[in-house]
file protein_26.txt (compact mmCIF, C-alpha atoms)
# COMPACT_ATOMS: atom_id res chain seq x y z
CA MET A 1 -6.87 3.12 -13.99
CA ALA A 2 -9.55 3.00 -11.29
CA TRP A 3 -10.36 -0.31 -9.64
CA PRO A 4 -13.72 -1.85 -10.52
CA VAL A 5 -16.39 -1.14 -7.94
CA ARG A 6 -16.73 -4.84 -7.09
CA TYR A 7 -13.05 -4.90 -6.04
CA LYS A 8 -13.62 -2.01 -3.65
CA VAL A 9 -16.69 -3.70 -2.22
CA VAL A 10 -14.75 -6.93 -1.66
CA GLY A 11 -12.03 -4.85 0.02
CA LEU A 12 -14.59 -3.47 2.45
CA LEU A 13 -15.76 -7.01 3.16
CA MET A 14 -12.18 -7.97 3.97
CA LEU A 15 -12.01 -5.07 6.44
CA SER A 16 -15.23 -6.34 8.03
CA THR A 17 -13.79 -9.79 8.66
CA ILE A 18 -10.60 -8.23 10.04
CA ILE A 19 -12.69 -6.38 12.62
CA ASN A 20 -14.85 -9.43 13.18
CA TYR A 21 -11.86 -11.56 14.11
CA LEU A 22 -10.19 -8.86 16.16
CA ASP A 23 -13.31 -8.90 18.32
CA ARG A 24 -13.27 -12.67 18.76
CA VAL A 25 -9.53 -13.36 19.06
CA ASN A 26 -8.64 -10.48 21.37
CA ILE A 27 -10.04 -12.33 24.38
CA SER A 28 -7.78 -15.33 23.63
CA VAL A 29 -4.66 -13.14 23.52
CA ALA A 30 -5.76 -11.37 26.70
CA ALA A 31 -6.63 -14.70 28.38
CA PRO A 32 -3.55 -14.96 30.65
CA ASP A 33 -4.20 -11.45 32.05
CA ILE A 34 -7.92 -12.03 32.48
CA MET A 35 -7.40 -15.36 34.26
CA GLN A 36 -4.73 -13.86 36.50
CA GLN A 37 -6.98 -10.94 37.51
CA THR A 38 -10.18 -12.94 37.97
CA GLY A 39 -8.74 -16.17 39.33
CA TRP A 40 -10.58 -18.27 36.73
CA ASP A 41 -8.88 -21.54 35.74
CA LYS A 42 -8.57 -22.94 32.22
CA ALA A 43 -11.74 -25.00 32.50
CA GLN A 44 -13.73 -21.89 33.43
CA PHE A 45 -12.14 -19.87 30.67
CA GLY A 46 -12.98 -22.65 28.27
CA LEU A 47 -16.63 -21.98 29.16
CA VAL A 48 -16.14 -18.29 28.33
CA LEU A 49 -14.75 -19.21 24.91
CA SER A 50 -17.56 -21.69 24.33
CA ALA A 51 -20.20 -19.12 25.32
CA PHE A 52 -19.14 -17.07 22.30
CA LEU A 53 -19.50 -20.10 20.07
CA CYS A 54 -22.96 -20.93 21.46
CA GLY A 55 -24.17 -17.53 20.32
CA TYR A 56 -22.20 -17.83 17.10
CA ALA A 57 -23.89 -21.11 16.19
CA LEU A 58 -27.50 -20.10 16.81
CA PHE A 59 -28.24 -17.49 14.15
CA GLN A 60 -26.24 -18.64 11.14
CA PHE A 61 -29.20 -20.05 9.21
CA PRO A 62 -31.73 -17.31 10.11
CA GLY A 63 -29.14 -14.67 9.25
CA GLY A 64 -28.42 -16.34 5.92
CA VAL A 65 -32.11 -16.58 5.02
CA ILE A 66 -32.69 -12.92 5.90
CA ALA A 67 -29.66 -11.92 3.81
CA ASP A 68 -30.97 -13.93 0.84
CA ARG A 69 -34.50 -12.54 1.04
CA TRP A 70 -34.03 -9.03 2.39
CA SER A 71 -30.68 -7.24 2.19
CA ALA A 72 -27.29 -8.84 2.74
CA ARG A 73 -25.83 -5.33 2.88
CA LYS A 74 -28.03 -4.26 5.79
CA VAL A 75 -27.58 -7.57 7.59
CA LEU A 76 -23.80 -7.06 7.48
CA GLY A 77 -24.16 -3.53 8.85
CA LEU A 78 -26.43 -4.62 11.70
CA SER A 79 -24.11 -7.52 12.51
CA CYS A 80 -21.15 -5.16 12.91
CA LEU A 81 -23.18 -2.75 15.02
CA GLY A 82 -24.22 -5.55 17.36
CA PHE A 83 -20.90 -7.28 17.91
CA SER A 84 -19.08 -3.95 18.30
CA PHE A 85 -21.56 -2.81 20.95
CA PHE A 86 -21.27 -5.98 23.03
CA THR A 87 -17.50 -6.02 22.58
CA ALA A 88 -17.43 -2.60 24.23
CA LEU A 89 -19.45 -4.05 27.15
CA THR A 90 -17.23 -7.14 27.59
CA PRO A 91 -15.03 -5.63 30.36
CA LEU A 92 -18.12 -5.56 32.61
CA GLY A 93 -17.57 -9.32 32.90
CA GLN A 94 -14.43 -8.94 35.01
CA ASN A 95 -16.62 -8.62 38.10
CA SER A 96 -19.02 -11.44 37.29
CA PHE A 97 -18.43 -14.75 35.56
CA LEU A 98 -22.08 -14.87 34.49
CA VAL A 99 -21.92 -11.40 32.94
CA MET A 100 -18.81 -12.40 31.00
CA LEU A 101 -20.62 -15.47 29.67
CA VAL A 102 -23.59 -13.34 28.59
CA MET A 103 -21.42 -10.70 26.89
CA ARG A 104 -19.44 -13.27 24.93
CA PHE A 105 -22.64 -15.08 23.95
CA LEU A 106 -24.09 -11.83 22.57
CA VAL A 107 -20.88 -10.99 20.67
CA GLY A 108 -21.07 -14.43 19.08
CA ALA A 109 -24.78 -14.09 18.28
CA CYS A 110 -24.21 -10.82 16.42
CA GLU A 111 -21.15 -12.14 14.58
CA SER A 112 -22.95 -15.32 13.56
CA ILE A 113 -24.89 -13.70 10.72
CA SER A 114 -21.87 -12.02 9.12
CA LEU A 115 -20.28 -14.82 7.04
CA PRO A 116 -23.55 -16.20 5.56
CA ALA A 117 -24.54 -12.61 4.69
CA LEU A 118 -21.08 -12.02 3.19
CA ALA A 119 -21.46 -15.05 0.92
CA SER A 120 -24.95 -13.94 -0.10
CA PHE A 121 -23.68 -10.43 -0.87
CA ASN A 122 -20.77 -11.69 -2.98
CA ALA A 123 -23.13 -13.96 -4.93
CA ARG A 124 -24.97 -10.83 -6.07
CA TRP A 125 -21.84 -8.84 -6.87
CA VAL A 126 -19.27 -11.29 -8.29
CA PRO A 127 -19.20 -13.51 -11.42
CA ARG A 128 -19.04 -17.25 -10.71
CA GLN A 129 -15.49 -17.71 -12.03
CA GLU A 130 -14.27 -14.97 -9.69
CA PHE A 131 -16.31 -16.17 -6.73
CA GLY A 132 -13.55 -18.25 -5.13
CA ARG A 133 -11.11 -15.34 -5.15
CA ALA A 134 -13.73 -12.85 -3.98
CA GLN A 135 -14.76 -15.11 -1.12
CA MET A 136 -11.19 -15.70 -0.05
CA VAL A 137 -10.16 -12.05 -0.22
CA SER A 138 -13.25 -11.24 1.83
CA ILE A 139 -12.70 -14.02 4.36
CA SER A 140 -8.90 -13.57 4.45
CA GLY A 141 -9.60 -10.76 6.86
CA THR A 142 -10.09 -13.51 9.43
CA SER A 143 -6.37 -14.25 9.24
CA ILE A 144 -5.36 -10.59 9.13
CA GLY A 145 -7.58 -9.98 12.14
CA GLN A 146 -5.82 -12.75 14.03
CA MET A 147 -2.41 -11.39 13.04
CA LEU A 148 -3.31 -7.89 14.17
CA ALA A 149 -4.91 -9.16 17.37
CA TYR A 150 -1.60 -10.56 18.65
CA PRO A 151 0.58 -7.41 18.60
CA THR A 152 -2.19 -4.84 19.08
CA THR A 153 -3.78 -6.63 22.01
CA THR A 154 -0.47 -7.19 23.77
CA ALA A 155 0.65 -3.60 23.10
CA ILE A 156 -2.59 -2.13 24.42
CA ILE A 157 -2.44 -4.33 27.52
CA GLU A 158 1.17 -3.27 28.15
CA ALA A 159 0.31 0.42 27.72
CA PHE A 160 -3.06 0.44 29.51
CA ALA A 161 -4.94 -2.69 30.68
CA TRP A 162 -6.85 -5.52 29.03
CA PRO A 163 -10.29 -3.75 29.09
CA MET A 164 -8.96 -1.03 26.77
CA VAL A 165 -8.54 -3.67 24.03
CA PHE A 166 -12.30 -4.14 23.81
CA TYR A 167 -13.05 -0.42 23.73
CA VAL A 168 -10.63 0.20 20.86
CA ASN A 169 -11.87 -2.76 18.79
CA ALA A 170 -15.49 -1.69 19.26
CA ALA A 171 -14.76 1.86 18.07
CA VAL A 172 -13.17 0.53 14.85
CA GLY A 173 -16.29 -1.55 14.19
CA PHE A 174 -18.59 1.47 14.47
CA VAL A 175 -16.49 3.38 11.93
CA TRP A 176 -16.56 0.48 9.44
CA MET A 177 -20.34 0.15 9.68
CA ALA A 178 -20.83 3.81 8.75
CA VAL A 179 -18.51 3.57 5.73
CA TRP A 180 -20.12 0.33 4.56
CA LEU A 181 -23.68 1.62 4.61
CA LEU A 182 -22.71 4.88 2.90
CA TYR A 183 -20.70 3.32 0.03
CA THR A 184 -22.34 0.01 -0.88
CA THR A 185 -25.65 -0.93 -2.48
CA ASP A 186 -27.64 -4.18 -2.47
CA THR A 187 -26.89 -4.95 -6.13
CA PRO A 188 -24.36 -3.74 -8.73
CA ARG A 189 -27.14 -2.20 -10.83
CA GLU A 190 -28.02 0.18 -7.99
CA HIS A 191 -24.48 1.49 -7.49
CA PRO A 192 -23.99 4.98 -9.00
CA ALA A 193 -20.26 4.49 -9.71
CA ILE A 194 -20.38 1.19 -11.59
CA SER A 195 -19.64 1.31 -15.32
CA PRO A 196 -21.88 -0.33 -17.95
CA ALA A 197 -19.03 -2.68 -18.93
CA GLU A 198 -18.49 -3.88 -15.36
CA LEU A 199 -22.23 -4.32 -14.86
CA ARG A 200 -22.50 -6.46 -18.01
CA HIS A 201 -19.47 -8.53 -16.93
CA ILE A 202 -21.05 -9.26 -13.57
CA GLU A 203 -24.57 -9.98 -14.76
CA ASP A 204 -23.57 -12.11 -17.76
CA GLN A 205 -21.46 -14.50 -15.67
CA ARG A 206 -23.28 -14.43 -12.34
CA LEU A 207 -25.51 -17.30 -11.24
CA SER A 208 -29.08 -16.21 -10.65
CA THR A 209 -29.54 -15.28 -7.00
CA THR A 210 -32.87 -13.51 -7.16
CA ALA A 211 -35.47 -15.28 -5.08
CA ARG A 212 -38.12 -14.21 -2.61
CA GLN A 213 -39.67 -17.62 -1.98
CA THR A 214 -39.55 -19.21 1.45
CA LEU A 215 -36.41 -21.28 1.97
CA PRO A 216 -37.46 -24.14 4.28
CA PHE A 217 -34.78 -25.38 6.63
CA TRP A 218 -35.55 -29.07 6.19
CA THR A 219 -35.49 -28.92 2.40
CA ILE A 220 -31.89 -27.70 2.52
CA VAL A 221 -30.52 -29.55 5.52
CA THR A 222 -31.81 -32.97 4.42
CA ALA A 223 -30.11 -32.79 1.03
CA PRO A 224 -27.31 -35.42 1.08
CA SER A 225 -24.79 -32.99 -0.38
CA VAL A 226 -25.50 -30.47 2.38
CA LEU A 227 -25.37 -33.11 5.13
CA LEU A 228 -21.95 -34.32 3.97
CA LEU A 229 -20.69 -30.76 3.58
CA CYS A 230 -21.81 -29.99 7.12
CA LEU A 231 -20.10 -33.09 8.50
CA THR A 232 -16.73 -32.39 6.89
CA TYR A 233 -16.92 -28.71 7.86
CA MET A 234 -17.81 -29.60 11.45
CA LEU A 235 -14.61 -31.61 11.79
CA TYR A 236 -12.61 -28.92 9.99
CA ALA A 237 -13.93 -26.16 12.24
CA PHE A 238 -13.23 -28.23 15.37
CA ILE A 239 -9.53 -28.01 14.54
CA ALA A 240 -9.67 -24.36 13.49
CA TRP A 241 -11.35 -23.17 16.66
CA ILE A 242 -8.96 -25.04 18.95
CA PHE A 243 -6.04 -23.51 17.07
CA ILE A 244 -7.49 -19.99 17.10
CA LEU A 245 -8.55 -19.90 20.73
CA TRP A 246 -5.86 -21.93 22.51
CA PHE A 247 -2.72 -21.40 20.42
CA PRO A 248 -1.66 -18.17 22.23
CA THR A 249 -1.78 -19.98 25.57
CA TYR A 250 0.09 -22.95 24.05
CA LEU A 251 2.97 -20.70 22.97
CA VAL A 252 3.29 -19.23 26.47
CA GLU A 253 2.85 -22.38 28.56
CA ALA A 254 4.18 -25.21 26.39
CA ARG A 255 6.92 -23.39 24.46
CA GLY A 256 7.96 -20.86 27.08
CA PHE A 257 7.49 -17.66 25.09
CA SER A 258 6.81 -14.42 26.94
CA ARG A 259 3.61 -12.52 26.30
CA MET A 260 5.36 -10.04 23.98
CA GLU A 261 7.15 -12.85 22.13
CA MET A 262 3.83 -14.63 21.75
CA GLY A 263 2.34 -11.46 20.32
CA ILE A 264 4.90 -11.48 17.50
CA ILE A 265 5.51 -15.19 16.94
CA GLY A 266 1.80 -15.98 17.08
CA MET A 267 1.30 -13.94 13.90
CA LEU A 268 3.44 -16.26 11.79
CA PRO A 269 1.05 -19.25 11.49
CA THR A 270 -1.80 -16.81 10.93
CA PHE A 271 0.12 -15.19 8.08
CA GLY A 272 0.48 -18.68 6.63
CA SER A 273 -3.30 -19.02 6.88
CA PHE A 274 -3.78 -15.70 5.08
CA LEU A 275 -1.58 -16.84 2.18
CA GLY A 276 -3.32 -20.22 2.14
CA MET A 277 -6.77 -18.67 1.81
CA LEU A 278 -5.73 -16.43 -1.07
CA CYS A 279 -3.85 -19.22 -2.88
CA GLY A 280 -6.74 -21.63 -2.36
CA GLY A 281 -9.20 -19.21 -3.96
CA VAL A 282 -6.89 -18.55 -6.91
CA VAL A 283 -6.24 -22.25 -7.54
CA SER A 284 -9.91 -23.21 -7.18
CA ASP A 285 -11.03 -20.56 -9.69
CA TRP A 286 -8.15 -21.50 -12.02
CA LEU A 287 -9.20 -25.15 -12.02
CA LEU A 288 -12.77 -24.13 -12.86
CA ARG A 289 -11.65 -21.89 -15.72
CA ARG A 290 -9.33 -24.60 -17.09
CA GLY A 291 -12.28 -26.94 -17.58
CA TYR A 292 -12.13 -29.06 -14.42
CA SER A 293 -15.47 -29.86 -12.86
CA ALA A 294 -16.76 -27.98 -9.84
CA ARG A 295 -16.29 -31.16 -7.80
CA VAL A 296 -12.54 -31.11 -8.50
CA ALA A 297 -12.18 -27.36 -8.03
CA ARG A 298 -14.48 -26.88 -5.04
CA ALA A 299 -14.34 -30.23 -3.19
CA ARG A 300 -11.52 -32.63 -4.11
CA PHE A 301 -8.66 -30.13 -4.24
CA PRO A 302 -9.47 -28.61 -0.81
CA GLY A 303 -10.24 -32.03 0.65
CA VAL A 304 -6.77 -33.32 -0.21
CA CYS A 305 -5.23 -30.19 1.32
CA VAL A 306 -6.89 -30.88 4.68
CA GLY A 307 -5.36 -34.35 4.81
CA LEU A 308 -1.90 -33.13 3.82
CA ALA A 309 -1.89 -30.62 6.67
CA MET A 310 -2.42 -33.12 9.51
CA PRO A 311 1.13 -34.54 9.79
CA LEU A 312 2.41 -30.98 10.21
CA LEU A 313 -0.11 -30.32 12.99
CA VAL A 314 1.12 -33.34 14.94
CA GLY A 315 4.75 -32.47 14.17
CA GLY A 316 4.28 -29.00 15.61
CA VAL A 317 3.53 -30.33 19.07
CA LEU A 318 6.02 -33.26 19.03
CA VAL A 319 9.25 -31.62 17.89
CA PRO A 320 11.48 -30.54 20.81
CA SER A 321 12.65 -27.28 19.23
CA ALA A 322 10.38 -24.27 19.75
CA THR A 323 11.62 -22.75 16.48
CA LEU A 324 10.90 -25.92 14.50
CA SER A 325 7.52 -26.18 16.19
CA VAL A 326 6.54 -22.72 14.97
CA ALA A 327 7.77 -23.60 11.46
CA CYS A 328 5.56 -26.72 11.45
CA PHE A 329 2.55 -24.71 12.56
CA VAL A 330 3.14 -22.10 9.85
CA LEU A 331 3.19 -24.79 7.14
CA PHE A 332 0.22 -26.56 8.71
CA TYR A 333 -1.91 -23.44 8.72
CA PHE A 334 -0.97 -22.56 5.13
CA ILE A 335 -1.95 -25.98 3.72
CA PHE A 336 -4.96 -26.27 6.04
CA SER A 337 -6.28 -22.88 4.88
CA LEU A 338 -6.08 -23.80 1.20
CA ALA A 339 -9.34 -25.66 1.87
CA VAL A 340 -11.30 -22.61 3.02
CA ALA A 341 -12.04 -21.63 -0.60
CA GLY A 342 -13.71 -24.99 -1.17
CA TYR A 343 -16.00 -24.71 1.81
CA TRP A 344 -17.08 -21.14 1.16
CA THR A 345 -17.71 -21.57 -2.57
CA MET A 346 -19.84 -24.68 -2.09
CA PRO A 347 -22.96 -22.70 -1.03
CA LEU A 348 -23.03 -21.03 -4.46
CA GLU A 349 -22.65 -24.39 -6.24
CA LEU A 350 -25.30 -26.15 -4.14
CA GLY A 351 -27.86 -23.36 -3.82
CA PRO A 352 -27.34 -20.38 -6.16
CA ARG A 353 -30.58 -18.81 -4.93
CA ALA A 354 -29.97 -19.72 -1.28
CA VAL A 355 -26.28 -18.94 -0.79
CA GLY A 356 -26.76 -17.37 2.63
CA ALA A 357 -29.04 -20.17 3.82
CA VAL A 358 -26.70 -22.99 2.74
CA GLY A 359 -23.68 -21.10 4.08
CA GLY A 360 -25.50 -20.51 7.34
CA ILE A 361 -26.32 -24.19 7.82
CA MET A 362 -22.73 -25.17 7.00
CA ASN A 363 -21.28 -22.64 9.41
CA THR A 364 -23.77 -23.66 12.10
CA SER A 365 -22.50 -27.22 11.94
CA GLY A 366 -18.92 -26.04 12.23
CA ASN A 367 -19.65 -23.92 15.23
CA PHE A 368 -21.64 -26.54 17.09
CA ALA A 369 -18.40 -28.51 17.03
CA GLY A 370 -16.60 -25.35 17.99
CA ILE A 371 -18.76 -24.95 21.08
CA PHE A 372 -17.32 -28.15 22.47
CA GLY A 373 -13.83 -27.82 20.99
CA PRO A 374 -12.44 -25.09 23.26
CA LEU A 375 -14.30 -26.54 26.24
CA VAL A 376 -12.90 -30.04 25.64
CA ALA A 377 -9.45 -28.59 25.06
CA GLY A 378 -9.58 -26.69 28.34
CA PHE A 379 -10.58 -29.79 30.31
CA ILE A 380 -7.98 -32.01 28.59
CA ILE A 381 -5.19 -29.56 29.30
CA ALA A 382 -6.37 -28.94 32.87
CA GLN A 383 -6.63 -32.66 33.65
CA THR A 384 -3.53 -33.99 31.89
CA GLY A 385 -1.22 -30.98 31.88
CA SER A 386 -0.22 -31.99 28.33
CA TRP A 387 -1.09 -30.68 24.88
CA VAL A 388 -0.15 -33.82 22.92
CA THR A 389 -3.44 -35.71 23.33
CA LEU A 390 -5.40 -32.69 22.19
CA PHE A 391 -3.40 -32.40 18.96
CA TYR A 392 -3.75 -36.12 18.24
CA VAL A 393 -7.54 -35.85 18.52
CA ALA A 394 -7.53 -32.80 16.23
CA ALA A 395 -5.40 -34.58 13.60
CA ALA A 396 -7.73 -37.61 13.61
CA CYS A 397 -10.70 -35.31 12.99
CA GLY A 398 -8.79 -33.71 10.12
CA LEU A 399 -8.16 -37.00 8.36
CA VAL A 400 -11.85 -37.95 8.53
CA SER A 401 -12.83 -34.48 7.27
CA SER A 402 -10.42 -34.84 4.36
CA ALA A 403 -11.83 -38.22 3.32
CA ILE A 404 -15.43 -36.97 3.36
CA PHE A 405 -14.69 -33.82 1.37
CA THR A 406 -12.49 -35.57 -1.18
CA PHE A 407 -14.55 -38.69 -1.87
CA LEU A 408 -18.15 -38.08 -0.80
CA VAL A 409 -19.15 -34.43 -1.23
CA ARG A 410 -20.83 -33.70 -4.59
CA THR A 411 -21.58 -30.36 -6.21
CA GLU A 412 -24.84 -30.75 -8.16
CA PRO A 413 -27.22 -27.89 -7.31
CA ILE A 414 -30.04 -28.78 -4.96
CA ARG A 415 -33.65 -27.68 -5.35
CA VAL A 416 -34.76 -25.27 -2.66
CA ALA A 417 -38.48 -24.88 -2.01
CA GLY A 418 -39.26 -26.13 -5.51
CA ILE A 419 -37.03 -23.60 -7.20
CA ALA A 420 -35.12 -25.02 -10.16
CA PRO A 421 -31.33 -24.68 -9.95
CA ALA A 422 -29.96 -21.65 -11.77
CA ALA A 423 -27.66 -21.91 -14.75
CA THR A 424 -25.52 -19.51 -16.72
CA GLY A 425 -24.04 -19.85 -20.14
CA GLU A 426 -20.72 -20.91 -18.71
CA GLN A 427 -22.25 -23.91 -16.94
CA THR A 428 -23.49 -25.33 -20.20
CA GLN A 429 -20.14 -25.10 -21.92
CA VAL A 430 -18.27 -28.32 -22.59
CA GLY A 431 -15.74 -29.00 -19.84
CA VAL A 432 -17.04 -26.38 -17.42
CA GLY A 433 -20.02 -28.28 -16.11
CA LEU A 434 -20.56 -29.16 -12.50
CA GLY A 435 -19.18 -32.66 -12.98
CA HIS A 436 -19.41 -35.62 -10.63

call {"tool": "encode", "arguments": {"input": "protein_26.txt", "output": "C-alpha cells"}}
result
Amino acid sequence: MAWPVRYKVVGLLMLSTIINYLDRVNISVAAPDIMQQTGWDKAQFGLVLSAFLCGYALFQFPGGVIADRWSARKVLGLSCLGFSFFTALTPLGQNSFLVMLVMRFLVGACESISLPALASFNARWVPRQEFGRAQMVSISGTSIGQMLAYPTTTAIIEAFAWPMVFYVNAAVGFVWMAVWLLYTTDTPREHPAISPAELRHIEDQRLSTTARQTLPFWTIVTAPSVLLLCLTYMLYAFIAWIFILWFPTYLVEARGFSRMEMGIIGMLPTFGSFLGMLCGGVVSDWLLRRGYSARVARARFPGVCVGLAMPLLVGGVLVPSATLSVACFVLFYFIFSLAVAGYWTMPLELGPRAVGAVGGIMNTSGNFAGIFGPLVAGFIIAQTGSWVTLFYVAAACGLVSSAIFTFLVRTEPIRVAGIAPAATGEQTQVGVGLGH
C-alpha cells in the first residue's frame, strides 16, 4: 500500500533539516583543524560560531510572515539554495577572519527562514492531531544531521581536507532543492497524486491557515502567551546551542577522545535527541487525542521534561569516567529533546493563521540567546580552562525554562491583526478543548 502523499512530503522536510544541520554543525566538527590551520583561538572561533547565529536570528519573523502569506514551499526552496551557496563559499574564510564571519553570517541568514516556513507548510498539509508527529519527524532531521556531521566530516577531512566538507554539503543541498520544488505543491488540493480520501482527512481536521491579511509584529509579540513562550524557548535554545557547537571540542579536550573517536562517540547523544524528538511528538499527540487539554499536551508535558534533563547535564561533566559521562549526555539529550514537540506545536495552537510568524518570533528569541551562548562559552573556557562552570550556568537556565513552560505558558489562540482564532470540529468536542 502506497504511503499517503503527506507522509512523503514530511519525509522531504526531514531531509531538508538533515541538510540544514549538516551545514551548520560541520564547522563545529572541523573546528580543531580550522583553528590549527588559521591560528585562531577559542574566543575568536566563538565569534565565528556567533556570526552564524546573528544571521540566523535576523530573518525568522520576516521569513515566517512571507511563508504564511506567499508560499512556504518556495520559501523553503530559496532558503536551501541560499545556505547551500554560502556553505560552498565558506572555505574562502581560511585566508581572512572577516570573510569567514561574513560567510557564516550569510549561511545563518538563509537558514533562518527554514524552520518557520516548515511549520507554516505543515500547518497546511497536516491535520491538527498529527501535527506534533509531523513537526517532530520534520525537525528530527536536525538530530540526524548532527549524527551524520560527526563521521562524514571527520572522514572527509581525513581523506581530503576540511574545505571539501563544505563543498560536499553544498552539493547535497542543491539536489534537495530541485527535488522539493518538482514534487511538492503549496496545498494538498493542488497535488496531482493525492487521493480524495486523504484530502478530506486533511481538510476536515486541519485548523484554518488561510489568511492574506497583514500580520503586525507588535500584535503577536506583545501577546503574553507569546512573550512567555519566547522566554522559555530562549533559555532552552541557550543550552541547545552550547551543546551543539561546543560538544565536539569538549569530547576532544576534556575527555581525551581522538578526532576519529569523537566522530563516532559524538553521534550517541545526538541519536538520543533524535529518539527524544520522535517520542515527544508521539506522546504530545497521544495526550491530545486522549482528551487532555492542549496546555497539558503542548506545554506542561514538555516543560517537565526540560527540568528532568538538567541533573543529567550536570552529571555528564562531573563524573570522572568518560564512558559514564557519555551515557549521562545521551540520557540528557533524549529527555531534553522530548520538549521540542511542545515548542514547535505551540505556534499552531497560538496562531493557526500565523504559524510561520509565531514560530519565527519564537525561534528569533532562541537564537538571540544563541548568539551569546557560544561566545560566552568560548570566553569562559578560554579564561578558566574548565568546562564545569559553563554546564552549571546551562543547567540553571534549564530549570528556569522548565518552570516557565510548565506553570506559566498558556495555549489559548491569540488574535492576529483582528482575525478571529480558527476552530475545527475537534476543538469543540468535550475533553479536546484547548484547556487552561

call {"tool": "atom_distance", "arguments": {"input": "protein_26.txt", "atom1": "CA of Leu148 in chain A", "atom2": "CA of Tyr21 in chain A"}}
result
9.3 Å

call {"tool": "closest_residue", "arguments": {"input": "protein_26.txt", "among": "A:Ala51, A:Leu81, A:Leu89, A:Ala123", "to": "Gly359 in chain A", "atoms": "all atoms listed in the file"}}
result
A:Ala123

call {"tool": "residues_around", "arguments": {"input": "protein_26.txt", "residues": "Met103 in chain A", "least_positions_apart": "6", "cutoff": "10 Å", "atoms": "all atoms listed in the file", "output": "PyMOL selection string"}}
result
chain A and resi 48+51-52+55+83+85-93+109

call {"tool": "residues_near_point", "arguments": {"input": "protein_26.txt", "point": "(-9.5, -30.6, 24.9)", "cutoff": "12 Å", "atoms": "all atoms listed in the file", "output": "PyMOL selection string"}}
result
chain A and resi 42-43+46-47+238-239+241-243+245-246+370-394

call {"tool": "closest_atom_pairs", "arguments": {"input": "protein_26.txt", "of": "range 79-179 of chain A", "to": "range 256-269 of chain A", "cutoff": "10 Å", "atoms": "only C-alpha atoms", "output": "Markdown table"}}
result
| residue | atom | partner | partner_atom | distance |
| --- | --- | --- | --- | --- |
| A:Ser143 | CA | A:Met267 | CA | 9.0 |
| A:Ile144 | CA | A:Met267 | CA | 8.9 |
| A:Gly145 | CA | A:Met267 | CA | 9.9 |
| A:Gln146 | CA | A:Met267 | CA | 7.2 |
| A:Met147 | CA | A:Met267 | CA | 4.6 |
| A:Leu148 | CA | A:Met267 | CA | 7.6 |
| A:Ala149 | CA | A:Gly263 | CA | 8.2 |
| A:Tyr150 | CA | A:Gly263 | CA | 4.4 |
| A:Pro151 | CA | A:Gly263 | CA | 4.7 |
| A:Thr152 | CA | A:Gly263 | CA | 8.1 |
| A:Thr153 | CA | A:Gly263 | CA | 8.0 |
| A:Thr154 | CA | A:Gly263 | CA | 6.2 |
| A:Ala155 | CA | A:Met260 | CA | 8.0 |
| A:Glu158 | CA | A:Met260 | CA | 9.0 |

call {"tool": "closest_residue", "arguments": {"input": "protein_26.txt", "among": "A:Ala254, A:Val29, A:Ser140, A:Leu106", "to": "Ile156 in chain A", "atoms": "all atoms listed in the file"}}
result
A:Val29

call {"tool": "atom_distance", "arguments": {"input": "protein_26.txt", "atom1": "CA of Ala178 in chain A", "atom2": "CA of Asp68 in chain A"}}
result
21.9 Å

call {"tool": "closest_residue", "arguments": {"input": "protein_26.txt", "among": "A:Tyr333, A:Phe368, A:Phe174, A:Trp344", "to": "Ala119 in chain A", "atoms": "all atoms listed in the file"}}
result
A:Trp344

call {"tool": "closest_residue", "arguments": {"input": "protein_26.txt", "among": "A:Arg353, A:Arg104, A:Arg410, A:Arg255", "to": "Arg69 in chain A", "atoms": "all atoms listed in the file"}}
result
A:Arg353

call {"tool": "atom_distance", "arguments": {"input": "protein_26.txt", "atom1": "CA of Met234 in chain A", "atom2": "CA of Arg73 in chain A"}}
result
27.0 Å

call {"tool": "residues_around", "arguments": {"input": "protein_26.txt", "residues": "Met14 in chain A", "least_positions_apart": "2", "cutoff": "12 Å", "atoms": "only C-alpha atoms", "output": "NGL selection string"}}
result
:A and (7-12 or 16-21 or 114-115 or 118 or 122 or 133-145 or 176 or 180 or 274 or 278)

call {"tool": "closest_residue", "arguments": {"input": "protein_26.txt", "among": "A:Ser225, A:Gln94, A:Gln37, A:Ser284", "to": "Val296 in chain A", "atoms": "all atoms listed in the file"}}
result
A:Ser284

call {"tool": "residues_near_point", "arguments": {"input": "protein_26.txt", "point": "(4.5, -27.8, 10.7)", "cutoff": "6 Å", "atoms": "only C-alpha atoms", "output": "ChimeraX atom specification"}}
result
/A:312-313,315-316,327-332

call {"tool": "residues_around", "arguments": {"input": "protein_26.txt", "residues": "Ala31 in chain A", "least_positions_apart": "3", "cutoff": "10 Å", "atoms": "all atoms listed in the file", "output": "number ranges by chain"}}
result
A: 25-28, 34-37, 40, 42, 45, 49, 162, 245-246, 248-249

call {"tool": "residues_around", "arguments": {"input": "protein_26.txt", "residues": "Ile202 in chain A", "least_positions_apart": "2", "cutoff": "8 Å", "atoms": "all atoms listed in the file", "output": "ChimeraX atom specification"}}
result
/A:125-127,198-200,204-206

call {"tool": "closest_residue", "arguments": {"input": "protein_26.txt", "among": "A:Leu231, A:Val317, A:Leu288, A:Ala117", "to": "Ala403 in chain A", "atoms": "only C-alpha atoms"}}
result
A:Leu231

call {"tool": "closest_atom_pairs", "arguments": {"input": "protein_26.txt", "of": "range 49-81 of chain A", "to": "range 361-365 of chain A", "cutoff": "8 Å", "atoms": "all atoms listed in the file", "output": "tab-separated table"}}
result
residue	atom	partner	partner_atom	distance
A:Tyr56	CA	A:Thr364	CA	7.8
A:Ala57	CA	A:Thr364	CA	4.8
A:Leu58	CA	A:Thr364	CA	7.0
A:Phe59	CA	A:Thr364	CA	7.9
A:Gln60	CA	A:Thr364	CA	5.7
A:Phe61	CA	A:Ile361	CA	5.2
